[in-house]
Amino acid sequence: MESRSFRDCQAWRAEGLPLSTTSNEACKLYDAILHQLLQWRNDETLGGFEGCMTAIKATDPNFVLGNVISTGLELIGTATCARINPRLAEDVKRTVALAKSQDITPRERLHVDAMELFSQGNFTRACAVWEDILVDHPTDLLALKFAHDGYFYMGSQVPMRDSVARVLPYWKPHMPLAGYLNGLYSFGLLETRLYDQAEKVAMEGLALTRDDAWSVHSVAHVCEMKAEVDKGLKFMESRENDWQGSDILASHNYWHWALYFVEKGDYEAALQIFDSQIFRRCKMTGSMLDTVDASSLLYRLEMEGVCVKDRYRELFQVTKPHSDDHVTIFNDLHFLMVSLGAKEKDNTRHLVEGLRDLANDPGDNEQHQLAGTVGVSMCKAMMEYEDGNYSDAVDLLFPMRYKLLGMGGSDAQRDVFNLLLIHAAMKSENKHHKKLGRCLLVERDAWRPNSPMTSRMMQRALALHV
């Protein structure tokens, strides 16, 4: 670590972000983890995230923010949770106890509070605490990034955008990682449908930091939401060498690439990306981002009439161990896609019943509260669709279409549920539903003009002679 220009105790103090440890090495490791977090990259020369987190605990086991960043990253990854993972629950408990036993800064104490709230499923209060930190410390990247992710999981699009806008003036070009704020801000802009501004900010970010995979990702979203398919394909291809090294985000960027092919109706090209990149990486990493992308891509292809049942069965081996997680509704619905696609009826029942039990006694866990208002009904709708009960699926889906934002994800990711409603409406025997399907396609065409997929679906709807 000594050979790299990561910040030591004095450098952090000079930036007004003192760390309560006397170990320069621990401070540098904390910085190294932050760098990898913003770059979406396991830097093998540093030992990757795992190596750095192991080293930081070994270097100073009592370094509170070292424990916060390690435990917080595991929590925010949503691949497990303190409710079902005793070791993770103990890590949270130990960090809270450490903070109480030491004379640490108010900022560090707030970080511990936010991490504990997030571990309890109280994302709203966790984000409020991170925002409190940013009022006094606008250059605290850990607070900014964790708030950004927390808002994403709640579908809080405007707060996600404004959280970055508020701190931007305090960041100067010479500051470490300053260029990566463009990507964060751009993502908030595009999720509030300010597409042209989002693209401009992302491209400015890429001019500063060519390998910023999150800025590339923002441009990919803009092209997806505007159905600028050829532009998106050219852009992803031209930048591939820059972003594919960001191993944590690479699969997701390939997913966006594959979506352009689904939009065009080039299913073979989409499957080729699924096999060579998305599923391969998902199997290797087990990351939730990679897993939900793989699930969603198969579900979209299946709705388009592509046979993917063998791939579902393979993917089920990845999703099955997460059937009891229930960290986010968004994840659960994607696990359900695979369970249904693989015809695993017992697992499907187990997953939905587990979610229903938590919805009946959610406590402060906001995702479990959401299970009662949205999650369980969405599961039922997907099960009805799978069973060919399209009319029942429409009756369940249509009243919820504007409530789905609260379960998080991006507009592009949640679009799979818009498509599910349209397909269910067009397949329903109910004439009113068929008309509804056409209305939804007209609506889709209005906010996403020139979409090849919408045109294909409209042709199909017209053929139904409603």
# chains A, B, ... in the order shown; residues from 1 in each chain; ligands from 1
$ residues_around --residues "Ala371 in chain A" --least-positions-apart "3" --cutoff "7 Å" --atoms "only C-alpha atoms" --output "ChimeraX atom specification"
/A:329,355,359,367-368,374-376
$ closest_atom_pairs --of "range 202-272 of chain A" --to "range 177-183 of chain A" --cutoff "8 Å" --atoms "only C-alpha atoms" --output "CSV"
residue,atom,partner,partner_atom,distance
A:Ala202,CA,A:Gly183,CA,5.5
A:Glu204,CA,A:Asn182,CA,7.2
A:Gly205,CA,A:Asn182,CA,5.0
A:Leu208,CA,A:Gly179,CA,5.9
A:Thr209,CA,A:Gly179,CA,6.1
A:Asp212,CA,A:Tyr180,CA,6.7
A:Trp214,CA,A:Gly183,CA,5.3
A:Ser215,CA,A:Gly183,CA,4.2
A:Val216,CA,A:Gly183,CA,8.0
A:Ser218,CA,A:Gly183,CA,6.8
$ residues_around --residues "Asp387 in chain A" --least-positions-apart "5" --cutoff "12 Å" --atoms "only C-alpha atoms" --output "PDB file with C-alpha atoms, in the first residue's frame"
ATOM      1  CA  LEU A 340     -41.200 -20.070 -12.357  1.00  0.00           C
ATOM      2  CA  GLY A 341     -39.101 -20.431 -15.495  1.00  0.00           C
ATOM      3  CA  LYS A 343     -40.799 -24.998 -13.128  1.00  0.00           C
ATOM      4  CA  LYS A 345     -43.130 -25.274  -7.913  1.00  0.00           C
ATOM      5  CA  LYS A 380     -49.306 -13.688  -7.345  1.00  0.00           C
ATOM      6  CA  ALA A 381     -49.624 -11.827 -10.670  1.00  0.00           C
ATOM      7  CA  MET A 382     -46.462 -13.464 -12.009  1.00  0.00           C
ATOM      8  CA  ASP A 392     -56.262 -12.522 -13.402  1.00  0.00           C
ATOM      9  CA  ALA A 393     -52.684 -11.353 -13.976  1.00  0.00           C
ATOM     10  CA  ALA A 424     -50.804 -10.277 -20.118  1.00  0.00           C
TER      11      ALA A 424
END
$ atom_distance --atom1 "CA of Leu233 in chain A" --atom2 "CA of Gly408 in chain A"
26.1 Å
$ residues_around --residues "range 13-26 of chain A" --least-positions-apart "3" --cutoff "9 Å" --atoms "only C-alpha atoms" --output "list in words"
Met1, Glu2, Arg7, Asp8, Cys9, Gln10, Leu29, Tyr30, Asp31, Ala55, Ile56, Lys57, Ala58, Thr59, Asp60, Asn62, Phe63, Val64, Leu65, Gly66, Gln102, Asp103, Ile104, Thr105, Arg107, Glu108, His137, Thr139 and Asp140 of chain A
$ closest_residue --among "A:Leu297, A:Val318, A:Val394, A:Ala258" --to "Met284 in chain A" --atoms "only C-alpha atoms"
A:Val318
$ atom_distance --atom1 "CA of Ala126 in chain A" --atom2 "CA of Leu37 in chain A"
19.0 Å
$ closest_residue --among "A:Ala250, A:Leu98, A:Leu301, A:Ala32" --to "Cys52 in chain A" --atoms "only C-alpha atoms"
A:Ala32
$ closest_residue --among "A:Arg438, A:Arg193, A:Arg356, A:Lys145" --to "Met426 in chain A" --atoms "only C-alpha atoms"
A:Arg438
$ select_by_dssp --residues "range 336-399 of chain A" --states "alpha helix (DSSP H)" --output "ChimeraX atom specification"
/A:336-341,345-360,366-370,376-386,390-397
$ closest_residue --among "A:Gly265, A:Gly150, A:Pro61, A:Gly354" --to "Arg456 in chain A" --atoms "only C-alpha atoms"
A:Gly265
$ residues_around --residues "Ile422 in chain A" --least-positions-apart "3" --cutoff "7 Å" --atoms "only C-alpha atoms" --output "PyMOL selection string"
chain A and resi 418-419+425-426+437+440
$ residues_around --residues "range 446-452 of chain A" --least-positions-apart "5" --cutoff "8 Å" --atoms "only C-alpha atoms" --output "PyMOL selection string"
chain A and resi 225-228+263-265
$ closest_residue --among "A:Met453, A:Gly245, A:Gly372, A:Asp324" --to "Glu224 in chain A" --atoms "only C-alpha atoms"
A:Met453
$ closest_residue --among "A:Cys127, A:Glu191, A:Glu240, A:Leu420" --to "Glu302 in chain A" --atoms "only C-alpha atoms"
A:Leu420
